[in-house]
Amino acid sequence: MSDIRDDARSGFAEVFDTEATGVWSAPGRVNLIGEHTDYNEGYVLPFAITRRTIVALGLRDDTMIRVASAFADEVAEIDISELSPEKLTGWAAYPLGVAWALGQHGADLGAVPGVDLFIESDVPVGAGLSSSAAIESAVALALNDVWQLGLDRPALAQVGQLAENKAVGAPTGIMDQSASLLGERDAAVFLDCRSMVAEIVPLRLADAGLAIVVIDTGVSHSHADGGYSERRASCERGARMLGVPALRDLSVDDLDRARQILDDTTFRRVRHIVTENQRVLDTVEALRTTGPRSIGELLDASHESLRDDFEISVAELDLAVETAQANGAIGARMTGGGFGGAAIALAPLDAVSRIQVAIDGAFAEHGFGQPEMFVVSASHGAVRE
Ligand code: ADP
Ligand code: MG
């Protein structure tokens, strides 16, 4: 099997008719636990996965930036001095948006040489594994290196987020880029979304004889935009009515008072965020002491809370989770923004194929489309290869 780094180099040579001067890569991510907590200034716990996006880069002697991808037919190009969010469209808005965003973070784009970029990836697109953060982070690290900008990784994560928010137009937080840039092998990234402080937490799956199975239901997030802003508004209303700057400032002990003050729906939205933040803290503590075999109940409880209190699961996600649990998973939950997308199951290695077969069968029985399943483990963040 040819390595995707080689594919990126040969793709570059084919499109640009010269050899790449360097190759960079960045991983996709899975959020282990901590869902919808980011915009409530709470905690998330993603990890970088063993699927990566590769950028092969060559310097030019003019000021053009050209991008090509195995994923797309056309080569997009623009003069560096012309970069602005309004001019960027389609997939090229991700890499070119990063170049623009570097300028917003202090890079002098008037003083840097043009580049050619070729992108190759084995991160599935739109499966909830953040192929978007992978491409942003790989391009951000590559340009930071060759343009000698000296930005640190937290700053590069902000660059990726800015590109996604302004050039692509997706209102996403900083979790995905943080995982892709700060992730380490056999570790998760514990991110405090208020202070932006990130800590590395051990996630030694293989040592514990475990793997994480990602089950992409293939259900597209059709209510995702409306549902996301509606949930966000509920959280803001809850915080306002309870007199705190963000739901992050409440603990489980505050829930009795919250129940007195809030309507039932707002209360349940609030209860999800408050208990989910606590579950992230408990997961971090468990990973640091007893290890990944002891986090199963926390994953299960997260799913129940997302399903019943936050109400963002769908039948396919519930079926994936229940089938995994019934076939040997230690814990399982939907992951990502909800209304479709993927679930994860933490499972002993010897139960993985049984779980996959059972989920395939259960989906067929219910008349659901065939899900895609991937086994992932915790990998290192963006690097120059
Ligand atoms: P995901 O859950 O995978 O992050 P998004 O919709 O956020 O889904 O991002 C996917 C988009 O990112 C793609 O539609 C494409 O525009 C861009 N993208 C991701 N990976 C690549 C790639 N290898 N080459 C070109 N564009 C990519
Ligand atoms: Mg994305």
# chains A, B, ... in the order shown; residues from 1 in each chain; ligands from 1
call {"tool": "closest_atom_pairs", "arguments": {"of": "chain A", "to": "ligand 2", "cutoff": "8 Å", "atoms": "only C-alpha atoms and all ligand atoms", "output": "JSON lines"}}
result
{"residue": "A:Gly126", "atom": "CA", "partner": "ligand 2", "partner_atom_place_in_ligand_line": "1 (Mg)", "distance": 6.9}
{"residue": "A:Gly128", "atom": "CA", "partner": "ligand 2", "partner_atom_place_in_ligand_line": "1 (Mg)", "distance": 6.9}
{"residue": "A:Leu129", "atom": "CA", "partner": "ligand 2", "partner_atom_place_in_ligand_line": "1 (Mg)", "distance": 7.4}
{"residue": "A:Ser130", "atom": "CA", "partner": "ligand 2", "partner_atom_place_in_ligand_line": "1 (Mg)", "distance": 4.2}
{"residue": "A:Ser131", "atom": "CA", "partner": "ligand 2", "partner_atom_place_in_ligand_line": "1 (Mg)", "distance": 5.9}
{"residue": "A:Ser132", "atom": "CA", "partner": "ligand 2", "partner_atom_place_in_ligand_line": "1 (Mg)", "distance": 4.3}
{"residue": "A:Ala133", "atom": "CA", "partner": "ligand 2", "partner_atom_place_in_ligand_line": "1 (Mg)", "distance": 6.1}
{"residue": "A:Asp176", "atom": "CA", "partner": "ligand 2", "partner_atom_place_in_ligand_line": "1 (Mg)", "distance": 7.7}
call {"tool": "write_last_selection", "arguments": {"atoms": "C-alpha atoms", "output": "mmCIF file, in the first residue's frame"}}
result
data_model
loop_
_atom_site.group_PDB
_atom_site.id
_atom_site.type_symbol
_atom_site.label_atom_id
_atom_site.label_comp_id
_atom_site.auth_asym_id
_atom_site.auth_seq_id
_atom_site.Cartn_x
_atom_site.Cartn_y
_atom_site.Cartn_z
ATOM 1 C CA GLY A 126 -17.895 15.206 6.581
ATOM 2 C CA GLY A 128 -17.339 14.165 12.071
ATOM 3 C CA LEU A 129 -13.574 13.562 12.189
ATOM 4 C CA SER A 130 -12.782 17.182 11.289
ATOM 5 C CA SER A 131 -11.122 16.931 7.920
ATOM 6 C CA SER A 132 -11.536 20.727 7.975
ATOM 7 C CA ALA A 133 -9.241 21.213 10.986
ATOM 8 C CA ASP A 176 -10.745 20.789 16.417
#
call {"tool": "residues_near_ligand", "arguments": {"ligand": "ligand 1", "cutoff": "9 Å", "atoms": "only C-alpha atoms and all ligand atoms", "output": "short mmCIF file (atom, residue, chain, number, x, y, z; two decimals) with C-alpha atoms, in the first residue's frame"}}
result
data_model
loop_
_atom_site.label_atom_id
_atom_site.label_comp_id
_atom_site.auth_asym_id
_atom_site.auth_seq_id
_atom_site.Cartn_x
_atom_site.Cartn_y
_atom_site.Cartn_z
CA GLY A 28 -8.30 14.65 12.17
CA THR A 53 -4.09 15.31 5.85
CA ILE A 54 -0.79 15.84 4.03
CA VAL A 55 0.40 19.07 2.43
CA ALA A 68 -4.55 21.62 -5.64
CA SER A 69 -6.07 18.58 -3.93
CA ALA A 70 -6.53 14.94 -4.80
CA PHE A 71 -10.09 15.67 -3.66
CA ALA A 72 -10.87 18.28 -6.33
CA GLY A 90 -15.27 26.22 -2.26
CA TRP A 91 -12.75 23.87 -0.72
CA ALA A 92 -9.88 26.26 -1.52
CA ALA A 93 -11.30 28.68 1.09
CA TYR A 94 -9.80 26.37 3.75
CA PRO A 95 -6.11 26.51 2.68
CA PHE A 118 -0.89 19.90 -3.02
CA ILE A 119 -3.22 18.27 -0.50
CA GLU A 120 -3.78 14.56 0.05
CA SER A 121 -5.75 13.02 2.92
CA ASP A 122 -7.15 9.86 4.45
CA VAL A 123 -9.41 11.74 6.87
CA PRO A 124 -12.95 11.04 5.68
CA VAL A 125 -14.72 14.28 4.74
CA GLY A 126 -17.89 15.21 6.58
CA ALA A 127 -17.78 12.16 8.88
CA GLY A 128 -17.34 14.17 12.07
CA LEU A 129 -13.57 13.56 12.19
CA SER A 130 -12.78 17.18 11.29
CA SER A 131 -11.12 16.93 7.92
CA SER A 132 -11.54 20.73 7.97
CA ALA A 133 -9.24 21.21 10.99
CA ALA A 134 -6.78 18.71 9.50
CA ILE A 135 -6.38 20.70 6.28
CA GLU A 136 -6.25 24.03 8.13
CA GLU A 164 -13.03 28.58 9.10
CA VAL A 168 -15.40 29.45 4.97
CA ALA A 170 -18.67 28.20 9.58
CA THR A 172 -17.00 26.74 14.84
CA ASP A 176 -10.75 20.79 16.42
CA GLY A 336 -19.89 15.92 17.46
CA GLY A 341 -22.82 12.36 12.13
#
call {"tool": "residues_around", "arguments": {"residues": "A:Val213", "least_positions_apart": "4", "cutoff": "10 Å", "atoms": "only C-alpha atoms", "output": "PyMOL selection string"}}
result
chain A and resi 324+329+332+343-347+349+352-353+355-356+373-377
call {"tool": "write_last_selection", "arguments": {"atoms": "C-alpha atoms", "output": "mmCIF file, in the first residue's frame"}}
result
data_model
loop_
_atom_site.group_PDB
_atom_site.id
_atom_site.type_symbol
_atom_site.label_atom_id
_atom_site.label_comp_id
_atom_site.auth_asym_id
_atom_site.auth_seq_id
_atom_site.Cartn_x
_atom_site.Cartn_y
_atom_site.Cartn_z
ATOM 1 C CA ALA A 324 -22.137 -1.302 20.602
ATOM 2 C CA ALA A 329 -18.290 -2.006 24.252
ATOM 3 C CA ALA A 332 -20.387 4.494 23.750
ATOM 4 C CA ALA A 343 -20.878 7.818 17.339
ATOM 5 C CA ILE A 344 -17.870 6.327 19.114
ATOM 6 C CA ALA A 345 -17.526 3.082 21.021
ATOM 7 C CA LEU A 346 -14.692 2.294 23.431
ATOM 8 C CA ALA A 347 -14.141 -1.436 23.151
ATOM 9 C CA LEU A 349 -9.746 -5.137 20.892
ATOM 10 C CA VAL A 352 -14.236 -4.707 17.782
ATOM 11 C CA SER A 353 -15.221 -6.936 14.888
ATOM 12 C CA ILE A 355 -19.439 -4.735 17.352
ATOM 13 C CA GLN A 356 -18.945 -3.792 13.710
ATOM 14 C CA MET A 373 -16.744 2.328 10.616
ATOM 15 C CA PHE A 374 -13.121 3.188 11.424
ATOM 16 C CA VAL A 375 -10.887 2.028 14.245
ATOM 17 C CA VAL A 376 -8.797 4.930 15.569
ATOM 18 C CA SER A 377 -6.259 5.489 18.294
#
call {"tool": "atom_distance", "arguments": {"atom1": "atom CA of A:Val23", "atom2": "atom CA of A:Leu57"}}
result
6.2 Å
call {"tool": "atom_distance", "arguments": {"atom1": "atom CA of A:Arg259", "atom2": "atom CA of A:Ala301"}}
result
20.0 Å
call {"tool": "closest_atom_pairs", "arguments": {"of": "stretch 194-245 of chain A", "to": "stretch 287-292 of chain A", "cutoff": "7 Å", "atoms": "only C-alpha atoms", "output": "tab-separated table"}}
result
residue	atom	partner	partner_atom	distance
A:Val201	CA	A:Arg288	CA	6.8
A:Pro202	CA	A:Leu287	CA	6.2
A:Leu203	CA	A:Pro292	CA	6.5
A:Leu205	CA	A:Pro292	CA	6.6
call {"tool": "write_last_selection", "arguments": {"atoms": "N, CA and C atoms", "output": "short mmCIF file (atom, residue, chain, number, x, y, z; two decimals), in the first residue's frame"}}
result
data_model
loop_
_atom_site.label_atom_id
_atom_site.label_comp_id
_atom_site.auth_asym_id
_atom_site.auth_seq_id
_atom_site.Cartn_x
_atom_site.Cartn_y
_atom_site.Cartn_z
N VAL A 201 -3.39 14.67 28.47
CA VAL A 201 -3.88 13.65 29.40
C VAL A 201 -3.62 12.28 28.77
N PRO A 202 -3.07 11.33 29.53
CA PRO A 202 -2.77 10.03 28.91
C PRO A 202 -4.03 9.30 28.44
N LEU A 203 -3.95 8.73 27.24
CA LEU A 203 -5.06 7.94 26.71
C LEU A 203 -4.44 6.69 26.09
N LEU A 205 -4.74 3.60 25.00
CA LEU A 205 -5.74 2.61 24.62
C LEU A 205 -5.10 1.24 24.40
#
call {"tool": "residues_around", "arguments": {"residues": "A:Asn277", "least_positions_apart": "4", "cutoff": "12 Å", "atoms": "only C-alpha atoms", "output": "PyMOL selection string"}}
result
chain A and resi 33-45+190-193+247-252+270-273+281-284+298+302+305
call {"tool": "write_last_selection", "arguments": {"atoms": "C-alpha atoms", "output": "PDB file, in the first residue's frame"}}
result
ATOM      1  CA  ILE A  33     -16.239  13.689  25.746  1.00  0.00           C
ATOM      2  CA  GLY A  34     -17.442  17.270  26.295  1.00  0.00           C
ATOM      3  CA  GLU A  35     -20.188  18.056  23.771  1.00  0.00           C
ATOM      4  CA  HIS A  36     -21.603  21.586  23.302  1.00  0.00           C
ATOM      5  CA  THR A  37     -19.549  22.658  26.302  1.00  0.00           C
ATOM      6  CA  ASP A  38     -17.118  24.767  24.221  1.00  0.00           C
ATOM      7  CA  TYR A  39     -19.365  27.806  23.674  1.00  0.00           C
ATOM      8  CA  ASN A  40     -20.395  27.612  27.344  1.00  0.00           C
ATOM      9  CA  GLU A  41     -16.744  28.267  28.209  1.00  0.00           C
ATOM     10  CA  GLY A  42     -16.429  24.751  29.597  1.00  0.00           C
ATOM     11  CA  TYR A  43     -14.247  21.705  28.981  1.00  0.00           C
ATOM     12  CA  VAL A  44     -13.627  19.410  26.007  1.00  0.00           C
ATOM     13  CA  LEU A  45     -11.418  16.344  25.650  1.00  0.00           C
ATOM     14  CA  PHE A 190      -7.937  18.578  27.801  1.00  0.00           C
ATOM     15  CA  LEU A 191      -8.945  22.067  26.764  1.00  0.00           C
ATOM     16  CA  ASP A 192     -10.423  24.719  29.026  1.00  0.00           C
ATOM     17  CA  CYS A 193     -12.463  26.791  26.580  1.00  0.00           C
ATOM     18  CA  LEU A 247     -22.891  27.879  32.225  1.00  0.00           C
ATOM     19  CA  ARG A 248     -19.303  26.936  32.996  1.00  0.00           C
ATOM     20  CA  ASP A 249     -19.780  28.869  36.240  1.00  0.00           C
ATOM     21  CA  LEU A 250     -22.413  26.439  37.562  1.00  0.00           C
ATOM     22  CA  SER A 251     -21.798  23.145  39.290  1.00  0.00           C
ATOM     23  CA  VAL A 252     -24.013  20.103  39.808  1.00  0.00           C
ATOM     24  CA  VAL A 270     -28.549  23.615  31.317  1.00  0.00           C
ATOM     25  CA  ARG A 271     -28.395  20.273  33.108  1.00  0.00           C
ATOM     26  CA  HIS A 272     -26.696  18.700  30.088  1.00  0.00           C
ATOM     27  CA  ILE A 273     -23.967  21.341  30.023  1.00  0.00           C
ATOM     28  CA  LEU A 281     -13.396  16.512  34.657  1.00  0.00           C
ATOM     29  CA  ASP A 282     -14.197  12.999  35.917  1.00  0.00           C
ATOM     30  CA  THR A 283     -12.891  11.457  32.683  1.00  0.00           C
ATOM     31  CA  VAL A 284      -9.621  13.389  32.967  1.00  0.00           C
ATOM     32  CA  LEU A 298     -19.058   8.419  31.736  1.00  0.00           C
ATOM     33  CA  SER A 302     -22.859  11.582  28.148  1.00  0.00           C
ATOM     34  CA  SER A 305     -27.689  13.373  28.505  1.00  0.00           C
TER      35      SER A 305
END
call {"tool": "decode", "arguments": {"residues": "stretch 191-327 of chain A", "atoms": "C-alpha atoms", "output": "PDB file, in the first residue's frame"}}
result
ATOM      1  CA  LEU A 191      -8.945  22.067  26.764  1.00  0.00           C
ATOM      2  CA  ASP A 192     -10.423  24.719  29.026  1.00  0.00           C
ATOM      3  CA  CYS A 193     -12.463  26.791  26.580  1.00  0.00           C
ATOM      4  CA  ARG A 194     -12.419  29.823  28.877  1.00  0.00           C
ATOM      5  CA  SER A 195      -8.710  30.164  29.622  1.00  0.00           C
ATOM      6  CA  MET A 196      -7.715  28.304  26.423  1.00  0.00           C
ATOM      7  CA  VAL A 197      -5.180  26.405  28.505  1.00  0.00           C
ATOM      8  CA  ALA A 198      -4.604  22.919  27.084  1.00  0.00           C
ATOM      9  CA  GLU A 199      -3.229  19.978  29.053  1.00  0.00           C
ATOM     10  CA  ILE A 200      -2.116  16.619  27.745  1.00  0.00           C
ATOM     11  CA  VAL A 201      -3.878  13.652  29.404  1.00  0.00           C
ATOM     12  CA  PRO A 202      -2.775  10.026  28.914  1.00  0.00           C
ATOM     13  CA  LEU A 203      -5.064   7.937  26.710  1.00  0.00           C
ATOM     14  CA  ARG A 204      -3.181   4.656  26.501  1.00  0.00           C
ATOM     15  CA  LEU A 205      -5.738   2.608  24.618  1.00  0.00           C
ATOM     16  CA  ALA A 206      -3.427  -0.106  23.260  1.00  0.00           C
ATOM     17  CA  ASP A 207      -1.790  -0.709  26.674  1.00  0.00           C
ATOM     18  CA  ALA A 208      -5.268  -1.329  28.072  1.00  0.00           C
ATOM     19  CA  GLY A 209      -6.176  -3.632  25.165  1.00  0.00           C
ATOM     20  CA  LEU A 210      -8.740  -1.135  23.888  1.00  0.00           C
ATOM     21  CA  ALA A 211      -9.645   0.633  20.660  1.00  0.00           C
ATOM     22  CA  ILE A 212     -12.114   3.315  19.696  1.00  0.00           C
ATOM     23  CA  VAL A 213     -14.497   2.536  16.874  1.00  0.00           C
ATOM     24  CA  VAL A 214     -15.972   5.493  15.011  1.00  0.00           C
ATOM     25  CA  ILE A 215     -19.375   4.730  13.502  1.00  0.00           C
ATOM     26  CA  ASP A 216     -20.277   7.290  10.839  1.00  0.00           C
ATOM     27  CA  THR A 217     -24.025   6.966  10.412  1.00  0.00           C
ATOM     28  CA  GLY A 218     -23.940   8.857   7.110  1.00  0.00           C
ATOM     29  CA  VAL A 219     -26.953  10.849   8.326  1.00  0.00           C
ATOM     30  CA  SER A 220     -26.313  14.433   7.338  1.00  0.00           C
ATOM     31  CA  HIS A 221     -26.839  17.127   9.883  1.00  0.00           C
ATOM     32  CA  SER A 222     -29.988  18.498   8.219  1.00  0.00           C
ATOM     33  CA  HIS A 223     -31.202  20.320  11.347  1.00  0.00           C
ATOM     34  CA  ALA A 224     -27.702  21.096  12.479  1.00  0.00           C
ATOM     35  CA  ASP A 225     -27.630  24.832  11.736  1.00  0.00           C
ATOM     36  CA  GLY A 226     -31.033  25.699  13.222  1.00  0.00           C
ATOM     37  CA  GLY A 227     -30.624  23.190  16.061  1.00  0.00           C
ATOM     38  CA  TYR A 228     -27.165  24.469  16.924  1.00  0.00           C
ATOM     39  CA  SER A 229     -28.193  28.112  17.227  1.00  0.00           C
ATOM     40  CA  GLU A 230     -31.359  27.161  19.119  1.00  0.00           C
ATOM     41  CA  ARG A 231     -29.326  25.140  21.678  1.00  0.00           C
ATOM     42  CA  ARG A 232     -26.806  27.936  21.938  1.00  0.00           C
ATOM     43  CA  ALA A 233     -29.575  30.465  22.609  1.00  0.00           C
ATOM     44  CA  SER A 234     -31.066  28.194  25.327  1.00  0.00           C
ATOM     45  CA  CYS A 235     -27.698  27.988  27.051  1.00  0.00           C
ATOM     46  CA  GLU A 236     -27.261  31.752  26.940  1.00  0.00           C
ATOM     47  CA  ARG A 237     -30.786  32.270  28.292  1.00  0.00           C
ATOM     48  CA  GLY A 238     -30.128  29.793  31.102  1.00  0.00           C
ATOM     49  CA  ALA A 239     -26.895  31.540  32.099  1.00  0.00           C
ATOM     50  CA  ARG A 240     -28.591  34.946  32.030  1.00  0.00           C
ATOM     51  CA  MET A 241     -31.547  33.792  34.142  1.00  0.00           C
ATOM     52  CA  LEU A 242     -29.203  32.159  36.659  1.00  0.00           C
ATOM     53  CA  GLY A 243     -27.020  35.249  36.834  1.00  0.00           C
ATOM     54  CA  VAL A 244     -23.716  33.717  35.682  1.00  0.00           C
ATOM     55  CA  PRO A 245     -21.442  34.822  32.817  1.00  0.00           C
ATOM     56  CA  ALA A 246     -21.524  31.322  31.290  1.00  0.00           C
ATOM     57  CA  LEU A 247     -22.891  27.879  32.225  1.00  0.00           C
ATOM     58  CA  ARG A 248     -19.303  26.936  32.996  1.00  0.00           C
ATOM     59  CA  ASP A 249     -19.780  28.869  36.240  1.00  0.00           C
ATOM     60  CA  LEU A 250     -22.413  26.439  37.562  1.00  0.00           C
ATOM     61  CA  SER A 251     -21.798  23.145  39.290  1.00  0.00           C
ATOM     62  CA  VAL A 252     -24.013  20.103  39.808  1.00  0.00           C
ATOM     63  CA  ASP A 253     -24.955  21.565  43.222  1.00  0.00           C
ATOM     64  CA  ASP A 254     -26.636  24.522  41.481  1.00  0.00           C
ATOM     65  CA  LEU A 255     -29.105  22.339  39.589  1.00  0.00           C
ATOM     66  CA  ASP A 256     -31.808  22.329  42.305  1.00  0.00           C
ATOM     67  CA  ARG A 257     -31.934  26.102  42.196  1.00  0.00           C
ATOM     68  CA  ALA A 258     -31.877  26.041  38.377  1.00  0.00           C
ATOM     69  CA  ARG A 259     -34.918  23.746  38.352  1.00  0.00           C
ATOM     70  CA  GLN A 260     -36.887  26.292  40.440  1.00  0.00           C
ATOM     71  CA  ILE A 261     -36.064  29.194  38.144  1.00  0.00           C
ATOM     72  CA  LEU A 262     -36.026  27.794  34.616  1.00  0.00           C
ATOM     73  CA  ASP A 263     -38.704  26.366  32.339  1.00  0.00           C
ATOM     74  CA  ASP A 264     -38.350  22.619  31.811  1.00  0.00           C
ATOM     75  CA  THR A 265     -36.654  22.762  28.387  1.00  0.00           C
ATOM     76  CA  THR A 266     -34.096  25.391  29.381  1.00  0.00           C
ATOM     77  CA  PHE A 267     -33.455  23.481  32.603  1.00  0.00           C
ATOM     78  CA  ARG A 268     -32.661  20.280  30.721  1.00  0.00           C
ATOM     79  CA  ARG A 269     -30.340  22.115  28.313  1.00  0.00           C
ATOM     80  CA  VAL A 270     -28.549  23.615  31.317  1.00  0.00           C
ATOM     81  CA  ARG A 271     -28.395  20.273  33.108  1.00  0.00           C
ATOM     82  CA  HIS A 272     -26.696  18.700  30.088  1.00  0.00           C
ATOM     83  CA  ILE A 273     -23.967  21.341  30.023  1.00  0.00           C
ATOM     84  CA  VAL A 274     -23.387  21.309  33.787  1.00  0.00           C
ATOM     85  CA  THR A 275     -23.244  17.524  34.071  1.00  0.00           C
ATOM     86  CA  GLU A 276     -21.198  17.197  30.859  1.00  0.00           C
ATOM     87  CA  ASN A 277     -18.538  19.565  32.200  1.00  0.00           C
ATOM     88  CA  GLN A 278     -18.374  17.431  35.337  1.00  0.00           C
ATOM     89  CA  ARG A 279     -18.089  14.279  33.222  1.00  0.00           C
ATOM     90  CA  VAL A 280     -15.126  15.758  31.352  1.00  0.00           C
ATOM     91  CA  LEU A 281     -13.396  16.512  34.657  1.00  0.00           C
ATOM     92  CA  ASP A 282     -14.197  12.999  35.917  1.00  0.00           C
ATOM     93  CA  THR A 283     -12.891  11.457  32.683  1.00  0.00           C
ATOM     94  CA  VAL A 284      -9.621  13.389  32.967  1.00  0.00           C
ATOM     95  CA  GLU A 285      -9.252  12.246  36.565  1.00  0.00           C
ATOM     96  CA  ALA A 286      -9.985   8.619  35.642  1.00  0.00           C
ATOM     97  CA  LEU A 287      -7.526   8.650  32.726  1.00  0.00           C
ATOM     98  CA  ARG A 288      -4.822  10.007  35.019  1.00  0.00           C
ATOM     99  CA  THR A 289      -5.417   7.428  37.730  1.00  0.00           C
ATOM    100  CA  THR A 290      -7.213   4.230  36.771  1.00  0.00           C
ATOM    101  CA  GLY A 291      -6.925   4.420  32.965  1.00  0.00           C
ATOM    102  CA  PRO A 292      -9.296   4.201  29.997  1.00  0.00           C
ATOM    103  CA  ARG A 293     -11.074   1.035  31.130  1.00  0.00           C
ATOM    104  CA  SER A 294     -12.769   3.116  33.824  1.00  0.00           C
ATOM    105  CA  ILE A 295     -14.401   5.784  31.626  1.00  0.00           C
ATOM    106  CA  GLY A 296     -17.138   3.645  30.053  1.00  0.00           C
ATOM    107  CA  GLU A 297     -19.968   4.788  32.315  1.00  0.00           C
ATOM    108  CA  LEU A 298     -19.058   8.419  31.736  1.00  0.00           C
ATOM    109  CA  LEU A 299     -19.326   7.927  27.962  1.00  0.00           C
ATOM    110  CA  ASP A 300     -22.686   6.177  28.362  1.00  0.00           C
ATOM    111  CA  ALA A 301     -23.989   8.939  30.642  1.00  0.00           C
ATOM    112  CA  SER A 302     -22.859  11.582  28.148  1.00  0.00           C
ATOM    113  CA  HIS A 303     -24.918   9.918  25.436  1.00  0.00           C
ATOM    114  CA  GLU A 304     -28.019   9.716  27.633  1.00  0.00           C
ATOM    115  CA  SER A 305     -27.689  13.373  28.505  1.00  0.00           C
ATOM    116  CA  LEU A 306     -27.287  14.396  24.845  1.00  0.00           C
ATOM    117  CA  ARG A 307     -30.260  12.229  23.877  1.00  0.00           C
ATOM    118  CA  ASP A 308     -32.693  13.093  26.691  1.00  0.00           C
ATOM    119  CA  ASP A 309     -31.685  16.513  28.019  1.00  0.00           C
ATOM    120  CA  PHE A 310     -30.025  18.227  25.066  1.00  0.00           C
ATOM    121  CA  GLU A 311     -32.153  16.316  22.506  1.00  0.00           C
ATOM    122  CA  ILE A 312     -29.681  16.301  19.639  1.00  0.00           C
ATOM    123  CA  SER A 313     -29.365  12.563  18.973  1.00  0.00           C
ATOM    124  CA  VAL A 314     -31.135  10.736  16.134  1.00  0.00           C
ATOM    125  CA  ALA A 315     -32.381   7.135  15.817  1.00  0.00           C
ATOM    126  CA  GLU A 316     -29.262   6.010  13.912  1.00  0.00           C
ATOM    127  CA  LEU A 317     -26.909   7.341  16.607  1.00  0.00           C
ATOM    128  CA  ASP A 318     -28.976   5.742  19.381  1.00  0.00           C
ATOM    129  CA  LEU A 319     -28.969   2.412  17.540  1.00  0.00           C
ATOM    130  CA  ALA A 320     -25.194   2.534  16.992  1.00  0.00           C
ATOM    131  CA  VAL A 321     -24.615   3.292  20.674  1.00  0.00           C
ATOM    132  CA  GLU A 322     -27.035   0.654  22.001  1.00  0.00           C
ATOM    133  CA  THR A 323     -25.746  -2.031  19.638  1.00  0.00           C
ATOM    134  CA  ALA A 324     -22.137  -1.302  20.602  1.00  0.00           C
ATOM    135  CA  GLN A 325     -23.029  -1.450  24.308  1.00  0.00           C
ATOM    136  CA  ALA A 326     -24.889  -4.739  23.857  1.00  0.00           C
ATOM    137  CA  ASN A 327     -21.932  -6.313  22.011  1.00  0.00           C
TER     138      ASN A 327
END
